[in-house]
Every structure is written in C-alpha cells, then in structure tokens.
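Have a look at my_file-v3.txt below; it lists compact mmCIF, C-alpha atoms.
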# COMPACT_ATOMS: atom_id res chain seq x y z
CA MET J 1 0.00 0.00 0.00
CA ALA J 2 2.91 2.34 0.55
CA PRO J 3 3.20 4.83 -2.34
CA ILE J 4 6.95 4.34 -2.55
CA GLN J 5 8.10 2.84 -5.84
CA PHE J 6 9.50 -0.30 -4.26
CA ASN J 7 6.92 -2.90 -3.56
CA PHE J 8 6.74 -4.07 -0.01
CA GLU J 9 4.00 -4.71 2.48
CA ILE J 10 4.44 -3.28 5.97
CA PRO J 11 2.80 -5.41 8.70
CA GLU J 12 0.01 -3.58 10.55
CA VAL J 13 1.72 -3.67 13.92
CA TYR J 14 4.73 -1.81 12.51
CA LEU J 15 2.45 0.75 10.88
CA LEU J 16 0.77 1.39 14.22
CA LEU J 17 4.13 1.67 15.93
CA PHE J 18 5.18 4.09 13.21
CA ALA J 19 1.98 6.08 13.86
CA LEU J 20 2.84 6.32 17.55
CA LEU J 21 6.42 7.44 16.84
CA THR J 22 5.26 9.97 14.23
CA GLY J 23 2.82 11.34 16.80
CA ILE J 24 5.50 11.62 19.49
CA VAL J 25 7.69 13.71 17.18
CA PHE J 26 4.68 15.81 16.13
CA GLY J 27 3.79 16.36 19.79
CA VAL J 28 7.33 17.47 20.64
CA PHE J 29 7.31 19.92 17.72
CA LEU J 30 3.93 21.39 18.73
CA GLU J 31 5.01 21.76 22.35
CA LYS J 32 8.37 23.29 21.40
CA ALA J 33 6.58 25.83 19.19
CA GLY J 34 4.57 26.86 22.25
CA PHE J 35 1.29 25.56 20.89
CA GLY J 36 0.27 23.90 24.15
CA ASN J 37 -0.40 27.44 25.31
CA SER J 38 -3.76 28.73 24.06
CA ARG J 39 -2.97 32.36 24.75
CA LYS J 40 0.22 32.19 22.69
CA LEU J 41 -1.44 30.36 19.81
CA VAL J 42 -4.40 32.74 19.64
CA GLN J 43 -2.12 35.80 19.34
CA GLN J 44 -2.09 34.93 15.64
CA PHE J 45 -5.48 36.63 15.49
CA TYR J 46 -4.21 39.75 17.30
CA PHE J 47 -1.14 40.13 15.05
CA SER J 48 1.35 40.11 17.92
CA ASP J 49 2.67 36.55 17.45
CA MET J 50 2.31 34.96 14.03
CA ALA J 51 3.91 31.65 15.05
CA MET J 52 0.83 29.67 14.03
CA PHE J 53 0.94 31.03 10.50
CA LYS J 54 4.71 30.57 10.25
CA VAL J 55 4.63 26.95 11.42
CA LEU J 56 1.60 26.05 9.31
CA PHE J 57 2.94 27.56 6.09
CA SER J 58 6.56 26.54 6.42
CA GLY J 59 5.30 23.01 7.18
CA ILE J 60 3.07 22.97 4.11
CA VAL J 61 5.73 24.42 1.82
CA THR J 62 8.39 21.98 3.05
CA ALA J 63 6.12 18.96 2.63
CA MET J 64 4.75 20.21 -0.69
CA LEU J 65 8.22 20.68 -2.20
CA GLY J 66 9.47 17.38 -0.77
CA ILE J 67 6.55 15.44 -2.18
CA TYR J 68 6.91 17.14 -5.54
CA TRP J 69 10.64 16.41 -5.84
CA LEU J 70 10.29 12.84 -4.61
CA SER J 71 7.68 12.19 -7.27
CA TYR J 72 9.71 14.09 -9.87
CA PHE J 73 12.67 11.78 -9.28
CA GLY J 74 10.38 8.77 -9.33
CA VAL J 75 10.78 7.80 -5.68
CA LEU J 76 7.15 8.46 -4.85
CA ASP J 77 4.10 7.50 -6.91
CA ILE J 78 1.87 10.58 -6.64
CA THR J 79 -1.22 8.64 -7.79
CA GLN J 80 -0.99 6.48 -4.66
CA ILE J 81 -1.12 9.43 -2.30
CA TYR J 82 -4.34 10.30 -0.51
CA ILE J 83 -5.63 13.72 -1.58
CA ASN J 84 -8.27 15.11 0.76
CA GLY J 85 -11.57 15.40 -1.08
CA THR J 86 -12.94 18.85 -1.88
CA TYR J 87 -16.47 19.87 -0.86
CA ILE J 88 -16.69 23.56 -1.63
CA TRP J 89 -19.50 24.85 0.57
CA PRO J 90 -19.06 22.53 3.58
CA GLN J 91 -15.34 23.30 3.70
CA MET J 92 -15.79 27.02 3.27
CA LEU J 93 -18.60 27.53 5.79
CA GLY J 94 -17.25 24.78 8.04
CA GLY J 95 -13.85 26.50 7.93
CA ILE J 96 -15.38 29.79 9.05
CA VAL J 97 -17.16 28.12 11.98
CA PHE J 98 -13.93 26.26 12.79
CA GLY J 99 -12.19 29.67 12.88
CA PHE J 100 -14.80 30.96 15.38
CA GLY J 101 -14.16 27.89 17.51
CA PHE J 102 -10.41 28.35 17.26
CA VAL J 103 -10.53 31.89 18.66
CA LEU J 104 -12.87 30.82 21.48
CA ALA J 105 -10.78 27.78 22.37
CA GLY J 106 -7.34 29.18 21.56
CA LEU J 107 -6.38 25.65 20.59
CA CYS J 108 -7.14 23.28 17.74
CA PRO J 109 -7.94 19.58 18.24
CA GLY J 110 -4.29 18.51 17.94
CA THR J 111 -2.81 21.24 20.12
CA SER J 112 -5.50 20.74 22.78
CA CYS J 113 -3.92 17.32 23.42
CA VAL J 114 -0.54 18.98 23.96
CA ALA J 115 -2.20 21.53 26.25
CA VAL J 116 -3.80 18.82 28.41
CA PHE J 117 -0.60 16.80 28.67
CA THR J 118 1.38 19.84 29.78
CA GLY J 119 -1.14 20.45 32.56
CA LYS J 120 -3.23 23.20 30.97
CA LEU J 121 -6.74 22.79 32.33
CA ASP J 122 -8.41 24.94 29.67
CA GLY J 123 -7.23 22.30 27.17
CA LEU J 124 -9.32 19.78 29.09
CA ALA J 125 -12.40 21.95 28.55
CA VAL J 126 -11.62 22.11 24.82
CA ILE J 127 -11.46 18.30 24.67
CA ALA J 128 -14.76 18.03 26.55
CA GLY J 129 -16.19 20.39 23.93
CA LEU J 130 -14.80 18.27 21.09
CA PHE J 131 -16.43 15.13 22.52
CA THR J 132 -19.73 16.96 22.97
CA GLY J 133 -19.56 18.34 19.46
CA LEU J 134 -19.08 14.89 17.97
CA ILE J 135 -21.93 13.43 20.02
CA LEU J 136 -24.16 16.33 18.96
CA PHE J 137 -23.17 15.69 15.36
CA ALA J 138 -24.02 11.99 15.60
CA GLU J 139 -27.49 12.93 16.85
CA THR J 140 -28.15 15.45 14.09
CA GLU J 141 -26.33 13.70 11.25
CA PRO J 142 -29.33 12.05 9.51
CA ALA J 143 -30.87 15.47 8.88
CA LEU J 144 -27.62 16.91 7.55
CA LYS J 145 -26.54 14.31 5.02
CA GLY J 146 -27.42 16.51 2.05
CA ALA J 147 -25.61 19.56 3.39
CA ILE J 148 -22.45 17.59 4.24
CA ASN J 149 -22.08 16.07 0.79
CA PHE J 150 -23.14 19.16 -1.12
CA SER J 151 -20.86 20.62 -3.83
CA SER J 152 -18.29 17.83 -3.97
CA ILE J 153 -15.74 18.09 -6.78
CA GLY J 154 -13.90 14.90 -5.88
CA ASP J 155 -10.35 14.04 -4.88
CA ILE J 156 -8.58 16.25 -7.42
CA SER J 157 -5.59 18.47 -6.74
CA LEU J 158 -5.17 22.19 -7.28
CA TYR J 159 -3.00 21.80 -10.38
CA GLU J 160 -5.59 19.53 -11.99
CA LEU J 161 -8.33 21.98 -11.09
CA PHE J 162 -6.46 24.94 -12.60
CA HIS J 163 -4.95 22.87 -15.45
CA MET J 164 -1.50 23.92 -14.34
CA ASN J 165 1.87 22.26 -14.31
CA TYR J 166 2.49 20.64 -10.89
CA GLY J 167 6.03 22.01 -10.64
CA VAL J 168 5.06 25.55 -11.64
CA LEU J 169 2.31 25.61 -9.01
CA THR J 170 4.61 24.44 -6.21
CA PHE J 171 7.13 27.09 -7.25
CA LEU J 172 4.45 29.82 -7.21
CA ILE J 173 3.16 28.75 -3.79
CA ALA J 174 6.71 28.72 -2.42
CA LEU J 175 7.25 32.27 -3.76
CA ILE J 176 3.97 33.49 -2.24
CA ALA J 177 4.98 31.89 1.07
CA ILE J 178 8.31 33.74 1.14
CA VAL J 179 6.52 37.06 0.60
CA ALA J 180 3.94 36.12 3.25
CA PHE J 181 6.68 35.25 5.78
CA TRP J 182 8.34 38.59 5.22
CA PHE J 183 4.96 40.30 5.62
CA ALA J 184 4.12 38.35 8.80
CA GLY J 185 7.44 39.38 10.34
CA ASN J 186 6.77 43.03 9.56
CA VAL J 187 3.23 42.96 10.96
CA GLU J 188 4.48 41.36 14.20
CA GLU J 189 7.20 43.97 14.60
CA ARG J 190 4.82 46.84 14.02
CA PHE J 191 2.23 45.55 16.51
CA ASN J 192 4.79 44.74 19.16
CA SER J 193 6.54 48.09 18.97
CA LYS J 194 3.13 49.75 19.30
CA THR J 195 2.05 47.87 22.40
CA ALA J 196 5.56 47.13 23.73
CA LYS J 197 4.26 44.43 26.01
CA SER J 198 6.35 41.50 27.08
CA SER J 199 5.00 38.11 26.22
CA SER J 200 6.13 35.07 28.13
CA MET C 201 13.49 30.19 43.17
CA LYS C 202 11.48 28.75 40.32
CA LYS C 203 13.53 27.67 37.33
CA GLU C 204 12.77 29.42 34.07
CA SER C 205 11.26 27.38 31.26
CA TYR C 206 13.34 26.96 28.12
CA PRO C 207 12.61 29.29 25.20
CA TYR C 208 10.33 28.18 22.38
CA TRP C 209 11.85 26.94 19.18
CA ASN C 210 11.97 29.12 16.09
CA PRO C 211 8.62 28.61 14.29
CA TYR C 212 10.32 28.10 10.93
CA ILE C 213 12.47 25.30 12.33
CA VAL C 214 9.37 23.65 13.79
CA GLY C 215 7.54 24.14 10.48
CA VAL C 216 10.30 22.54 8.42
CA GLY C 217 10.46 19.69 10.96
CA ILE C 218 6.71 19.08 10.70
CA GLY C 219 6.97 19.27 6.91
CA LEU C 220 9.66 16.57 6.89
CA LEU C 221 7.48 14.48 9.22
CA ILE C 222 4.57 14.75 6.76
CA ILE C 223 6.84 13.67 3.89
CA MET C 224 7.98 10.66 5.90
CA SER C 225 4.42 9.75 6.81
CA ILE C 226 3.29 10.04 3.19
CA VAL C 227 6.19 7.94 1.91
CA VAL C 228 5.50 5.16 4.40
CA THR C 229 1.70 5.17 4.62
CA GLY C 230 0.40 7.27 1.72
CA ARG C 231 -1.16 9.88 4.00
CA GLY C 232 -0.12 12.73 6.26
CA LEU C 233 -0.93 13.64 9.85
CA GLY C 234 -4.31 14.07 11.55
CA ALA C 235 -5.94 14.98 14.85
CA VAL C 236 -9.70 15.32 15.00
CA GLY C 237 -10.07 11.92 13.32
CA ALA C 238 -8.74 10.30 16.48
CA PHE C 239 -11.59 11.80 18.46
CA ASN C 240 -14.10 10.23 16.06
CA GLY C 241 -12.79 6.76 16.88
CA LEU C 242 -12.55 7.59 20.57
CA VAL C 243 -16.13 8.88 20.86
CA ALA C 244 -17.48 5.99 18.78
CA SER C 245 -15.75 3.40 20.96
CA MET C 246 -16.90 5.16 24.15
CA VAL C 247 -20.53 5.21 23.05
CA HIS C 248 -20.15 1.62 21.88
CA THR C 249 -18.93 0.54 25.32
CA ILE C 250 -21.87 2.19 27.08
CA ALA C 251 -24.62 1.33 24.57
CA PRO C 252 -23.46 -1.05 21.80
CA ASP C 253 -26.75 -1.28 19.92
CA TYR C 254 -27.29 2.45 20.00
CA ALA C 255 -23.78 3.13 18.67
CA LEU C 256 -24.27 0.73 15.78
CA SER C 257 -27.63 2.30 14.91
CA LYS C 258 -26.07 5.74 14.44
CA GLY C 259 -24.34 6.22 11.11
CA ALA C 260 -21.84 8.71 12.54
CA TYR C 261 -20.53 6.06 14.97
CA SER C 262 -21.01 2.86 13.02
CA VAL C 263 -18.57 3.89 10.27
CA TYR C 264 -15.81 3.71 12.88
CA LEU C 265 -17.07 0.45 14.39
CA SER C 266 -18.15 -1.93 11.67
CA GLY C 267 -15.56 -3.77 9.61
CA VAL C 268 -12.69 -2.90 11.92
CA ASP C 269 -10.76 -4.93 14.44
CA HIS C 270 -11.14 -2.31 17.13
CA PRO C 271 -11.92 1.41 16.64
CA LEU C 272 -8.83 2.35 18.63
CA LYS C 273 -6.47 0.13 16.64
CA ASP C 274 -6.20 2.86 14.09
CA TRP C 275 -3.42 4.96 12.55
CA VAL C 276 -4.70 8.39 13.63
CA VAL C 277 -5.67 7.23 17.15
CA LEU C 278 -2.13 5.97 17.77
CA GLU C 279 -0.67 9.05 16.17
CA ILE C 280 -2.63 11.27 18.59
CA ALA C 281 -1.63 9.05 21.52
CA GLY C 282 1.92 9.82 20.37
CA VAL C 283 1.18 13.55 20.28
CA CYS C 284 0.07 13.33 23.94
CA ILE C 285 3.27 11.46 24.91
CA GLY C 286 5.47 13.81 22.88
CA GLY C 287 3.76 16.86 24.36
CA LEU C 288 4.18 15.51 27.89
CA LEU C 289 7.88 14.65 27.43
CA SER C 290 8.66 17.96 25.78
CA GLY C 291 6.63 19.87 28.37
CA ILE C 292 8.58 18.28 31.21
CA ALA C 293 11.95 18.67 29.47
CA SER C 294 11.22 22.33 28.68
CA ARG C 295 9.98 23.01 32.25
CA ARG C 296 6.59 24.04 30.93
CA PHE C 297 4.58 21.26 32.54
CA LYS C 298 2.39 22.96 35.11
CA PHE C 299 -1.22 22.60 36.23
CA GLU C 300 -2.75 25.94 35.35
CA VAL C 301 -5.49 27.64 33.39
CA ILE C 302 -4.21 29.62 30.42
CA LYS C 303 -6.36 32.72 29.94
CA GLY C 304 -6.32 36.46 29.58
CA PRO C 305 -5.89 38.47 32.82
CA ARG C 306 -9.41 39.91 32.76
CA ILE C 307 -11.59 36.81 32.83
CA SER C 308 -12.40 34.20 35.44
CA ASN C 309 -11.46 30.54 35.19
CA MET C 310 -15.14 29.71 34.75
CA SER C 311 -15.53 32.03 31.74
CA ARG C 312 -12.37 30.57 30.25
CA PHE C 313 -13.72 27.03 30.63
CA ILE C 314 -17.02 28.01 29.00
CA PHE C 315 -15.27 29.64 26.03
CA ALA C 316 -12.86 26.71 25.69
CA PHE C 317 -15.70 24.20 25.80
CA SER C 318 -17.78 26.12 23.24
CA GLY C 319 -14.77 26.46 20.97
CA GLY C 320 -14.10 22.73 21.11
CA LEU C 321 -17.73 21.99 20.38
CA LEU C 322 -17.82 24.30 17.35
CA MET C 323 -14.53 22.93 15.96
CA ALA C 324 -15.59 19.29 16.27
CA TYR C 325 -18.96 19.95 14.69
CA ALA C 326 -17.45 22.00 11.87
CA ALA C 327 -14.72 19.40 11.26
CA LYS C 328 -17.41 16.87 10.35
CA PHE C 329 -18.45 19.16 7.52
CA THR C 330 -14.93 20.05 6.43
CA ARG C 331 -13.61 16.47 6.83
CA GLY C 332 -10.61 17.45 8.84
CA CYS C 333 -8.98 20.01 11.08
CA THR C 334 -5.84 22.10 11.14
CA SER C 335 -3.57 19.02 11.09
CA GLY C 336 -5.41 16.58 8.87
CA LEU C 337 -6.86 18.99 6.35
CA ALA C 338 -4.94 22.28 6.42
CA LEU C 339 -1.42 20.91 7.00
CA SER C 340 -1.53 17.52 5.31
CA GLY C 341 -4.15 18.32 2.67
CA GLY C 342 -2.46 21.63 1.94
CA SER C 343 0.83 19.81 1.24
CA VAL C 344 -0.74 17.49 -1.32
CA LEU C 345 -2.46 20.53 -2.88
CA SER C 346 -6.05 19.58 -2.13
CA PRO C 347 -8.22 22.54 -3.20
CA GLY C 348 -10.54 21.92 -0.24
CA ALA C 349 -7.63 22.13 2.18
CA TRP C 350 -6.64 25.58 0.91
CA LEU C 351 -10.26 26.72 0.92
CA PHE C 352 -10.59 25.48 4.51
CA MET C 353 -7.41 27.24 5.59
CA ILE C 354 -8.44 30.58 4.12
CA SER C 355 -11.89 30.20 5.72
CA VAL C 356 -10.41 29.45 9.15
CA PHE C 357 -8.39 32.67 9.00
CA ILE C 358 -11.43 34.65 7.81
CA GLY C 359 -13.58 33.15 10.57
CA GLY C 360 -10.88 33.69 13.18
CA TYR C 361 -10.09 37.29 12.32
CA SER C 362 -13.77 38.20 12.06
CA VAL C 363 -14.53 37.21 15.68
CA ALA C 364 -11.15 38.05 17.19
CA TRP C 365 -12.14 41.65 17.96
CA LEU C 366 -15.16 40.38 19.91
CA MET C 367 -12.96 38.11 21.99
CA LYS C 368 -10.15 40.61 22.50
CA LYS C 369 -10.98 41.35 26.14
CA THR C 370 -10.93 37.69 27.05
CA TRP C 371 -7.40 37.13 25.73
CA ASN C 372 -5.44 40.34 26.28
Represent the structure from my file as structure tokens, please.
Amino acid sequence: MAPIQFNFEIPEVYLLLFALLTGIVFGVFLEKAGFGNSRKLVQQFYFSDMAMFKVLFSGIVTAMLGIYWLSYFGVLDITQIYINGTYIWPQMLGGIVFGFGFVLAGLCPGTSCVAVFTGKLDGLAVIAGLFTGLILFAETEPALKGAINFSSIGDISLYELFHMNYGVLTFLIALIAIVAFWFAGNVEERFNSKTAKSSS
Amino acid sequence: MKKESYPYWNPYIVGVGIGLLIIMSIVVTGRGLGAVGAFNGLVASMVHTIAPDYALSKGAYSVYLSGVDHPLKDWVVLEIAGVCIGGLLSGIASRRFKFEVIKGPRISNMSRFIFAFSGGLLMAYAAKFTRGCTSGLALSGGSVLSPGAWLFMISVFIGGYSVAWLMKKTWN
C-alpha cells in the first residue's frame, strides 16, 4: 500500500508503531513551538505573534516541495497518495465556523492534546467540547446528510483543477509563502513596537 | 526560586520539521498527519462501550465500528496518543509542565472554561463538515495541494479574524 516505488507490504503492527512514533515527534514539535499554550497560539489573530501562521505555512511548503521532488525523481508514486476530497460549501462555511471555535478555544484539536498533557486545564475543557460536538453531530447527522455532501468536486488536486503544471504551481506557492513570511514578520514587529508588552 | 522554562523553538524550524514528518508519513503510509479523526474513533468506541446497539444504529458512529478490528487500533488514534506522549515529554523537558489555566488576565477561570468548551464543540462539529482540522486537512491536505484544504485554511483565517475583535478582552 505504501506509495513508494519499491513494492513491499508493511505489517500492521509496525504501521501502528510508526503512527505512535510519528505522533510523538509531532507532539514534541507542537510543544516546542509553544502551541500547548492557548494564549500564545491565539495571538495569531491579534497580530502580535504569528507563530501559528509561520509553522503552518513553512510546514506545508516543506512537505509540498518534498513530495513534488520525490515524485519528480520517481521515488514516490503521486497517484498512490491520498488527496483530501474537496467539498466547496461545507469546507468554506465549516472552515469559518472552525475559525470561530479556534478563537474561542485558543487551541485546535491537535494542540488541545498537547495543552492537556502539559497540565493546561483549559485544554481539558476544549477536549470536553470536542467530545460533545461529535456526540451532537451523531445525533443530528441524519438530517444533515445533504448539506455535508453538497458541492463535492472529488479528490482532485489544485493543479488539476487549474490545469496547471504541478512544478510551476509548487514554485508559485513557495514564492507566495516567502513574501507572506516577510509580511508576517513586519506585521508582528509593528504591533509589538506599538504595544511594547512582554509576552512570556 | 522557580527555574525558568526553556525558550520556544523558532517557528520556521518547527515548520520545516513538521513538513519533513509529513513527507515521511506520506512515503511510508500514503497519508499525512491528523488529529480530530482520532476523536471520532474515541467517541465511537466510548458510546459503543456504554450502549453497543445504540452506537451501531447511528451512522456517525457505526462507520468507525463496523468492519474494523477495534476502533482504537487505528493509525490516527495511535498518532494522537503519540502527540500526547510527545507533548508531555517535551513539556517536562522544557519546564513548561504545570497545572494551570491559560487565559487572559481579565476573565475568570469559569468564563475561560465556558469559552474553551464552546470552541471545542464548534470545531468538532465543523470538522465533520470540512472532513478534517488544522492538522489533517490544512497541514496535510495543503501539502498534497487539495483545493478543499486551501479553501478550509483561508476560511479558518477569515472566521478567526472576524470574531477576534469580539474576543479581545478575554485574551489580552
């Protein structure tokens, strides 16, 4: 099943062990970025600490370029990779509601785990909310089936959608990211010199 | 005197590290990271333990229960278990592990809990529509250039910035 161009089957138990190890490294990264702390993470929305944007975009750009080059050199078979399906309206409106939730909670589902395991009790309340939200969804799901599956365009990628060359698109996104990083740094500086508050 | 916690890592170093982790995960398993998906399995198996018939009668739970060995013997569940372990280890090593409520100086613990709970509820409910959260959809889907992932990401920022001014007093 692995998309790598050499055929081998990995036994399930090793895959699960790999999942655990991947998670441990992910958890260390999130904690080291300061994302167990809701108040630090949410500063993204007050322009004083853009760490969330920086981590998210540098992560995406790194992975995007790596995947592109691995497939370019024939190491990775891009057709075997899972591409998250696109559902225009659910993902757009759902994303907006998710953004509301993010500012209320100050944490996302993944970082709330880091918050709880570093002793942050507000993270526990976020997790209780996540559980309640999923139970509420299960109760209301039958009535929502149409809305959830509305406006699906399938598992296509951006370059297929725009009829673009894969490499050109990755290059353009990387360029945009560099400009955005420069911009984020400037915005942070401006806001912090204005308020001149110390953040811990 | 209390020892100072270690400084945070540079966000770009963390970002590149997470990017490399996604590449590794995709090479080995064909898919990237996730988070909210683990809660799906967790909630389904909890409801299943309390009321098996009820859980199987609800479509939102049964997809995680039928045809699988055990709902918790799953890639994303173990990955999130790892995130908890990694967070704990790093929190202790960085001297940031501490029982406390993180909040703005102007609100009570109770208000903070209510906001945190409501935020979690909204995110989980919305993630069922978007089919993923910041990790599974924005980060991993964004890397494989899923149009929906980019749409989701832009929407999260729009949603976040449009309510941030309302919540300003609770955070700063």
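Relative to atom CA of Gly36 of chain J, atom CA of Cys108 of chain J is found at 9.8 Å.
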**Request:** For segment 330-345 of chain C, work out the shell of residues within 7 Å, counting only C-alpha atoms and skipping chain neighbours fewer than 4 positions away, then give it as a PyMOL selection string.
**Result:** (chain J and resi 56+60-61+63-64+83-84+90-91+94-95+108+110+157-158) or (chain C and resi 222+232-236+326+349-350+352-353)
**Request:** Find, counting only C-alpha atoms, the residue in J:Ala143, J:Leu124, J:Leu65, J:Ile96 that gets nearest to chain C.
**Result:** J:Ile96
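Put simply, atom CA of Asn149 of chain J is 14.8 Å away from atom CA of Tyr325 of chain C.
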**Prompt:** How many Å lie between atom CA of Trp182 of chain J and atom CA of Val216 of chain C, rounded to one decimal?
**Reply:** 16.5 Å
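Using only C-alpha atoms, the nearest neighbour of Ser311 of chain C within the list C:Phe357, C:Phe329, C:Phe297, C:Trp371 is C:Trp371.
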**Asked** Can you find the residues with an atom no farther than 10 Å from (8.8, 24.0, 32.4), counting only C-alpha atoms, and report them as JSON, numbers by chain?
**Response** {"J": [118], "C": [202, 203, 204, 205, 206, 207, 290, 291, 292, 293, 294, 295, 296, 297, 298]}
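Candidate residues C:Asn240, C:Thr249, C:Thr370, C:Asn210 were compared for distance to Tyr261 of chain C, and the nearest is C:Asn240, using all atoms listed in the file.
Near Gly106 of chain J, within a cut-off of 8 Å and counting all atoms listed in the file, sit the residues J:Ser38, J:Arg39, J:Leu41, J:Val42, J:Phe102, J:Val103, J:Leu104, J:Cys108, C:Ala316, C:Gly319, with same-chain residues fewer than 2 positions away left out.
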**Request:** For Leu265 of chain C, please output as a list in words all residues within 10 Å (counting all atoms listed in the file; exclusion window: fewer than 6 positions along the same chain).
**Result:** Gly241, Ala244, Ser245, His248, Pro252, Ala255, Leu256, Gly259, Pro271 and Leu272 of chain C
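Remark: for chain C, the closest of the candidate residues J:Gly119, J:Gly167, J:Gly154, J:Pro11 is J:Gly119 (distances computed over only C-alpha atoms).
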**Asked** So, counting only C-alpha atoms, which residue among C:Lys368, C:Leu288, C:Leu220, C:Val247 is closest to Phe131 of chain J?
**Response** C:Val247
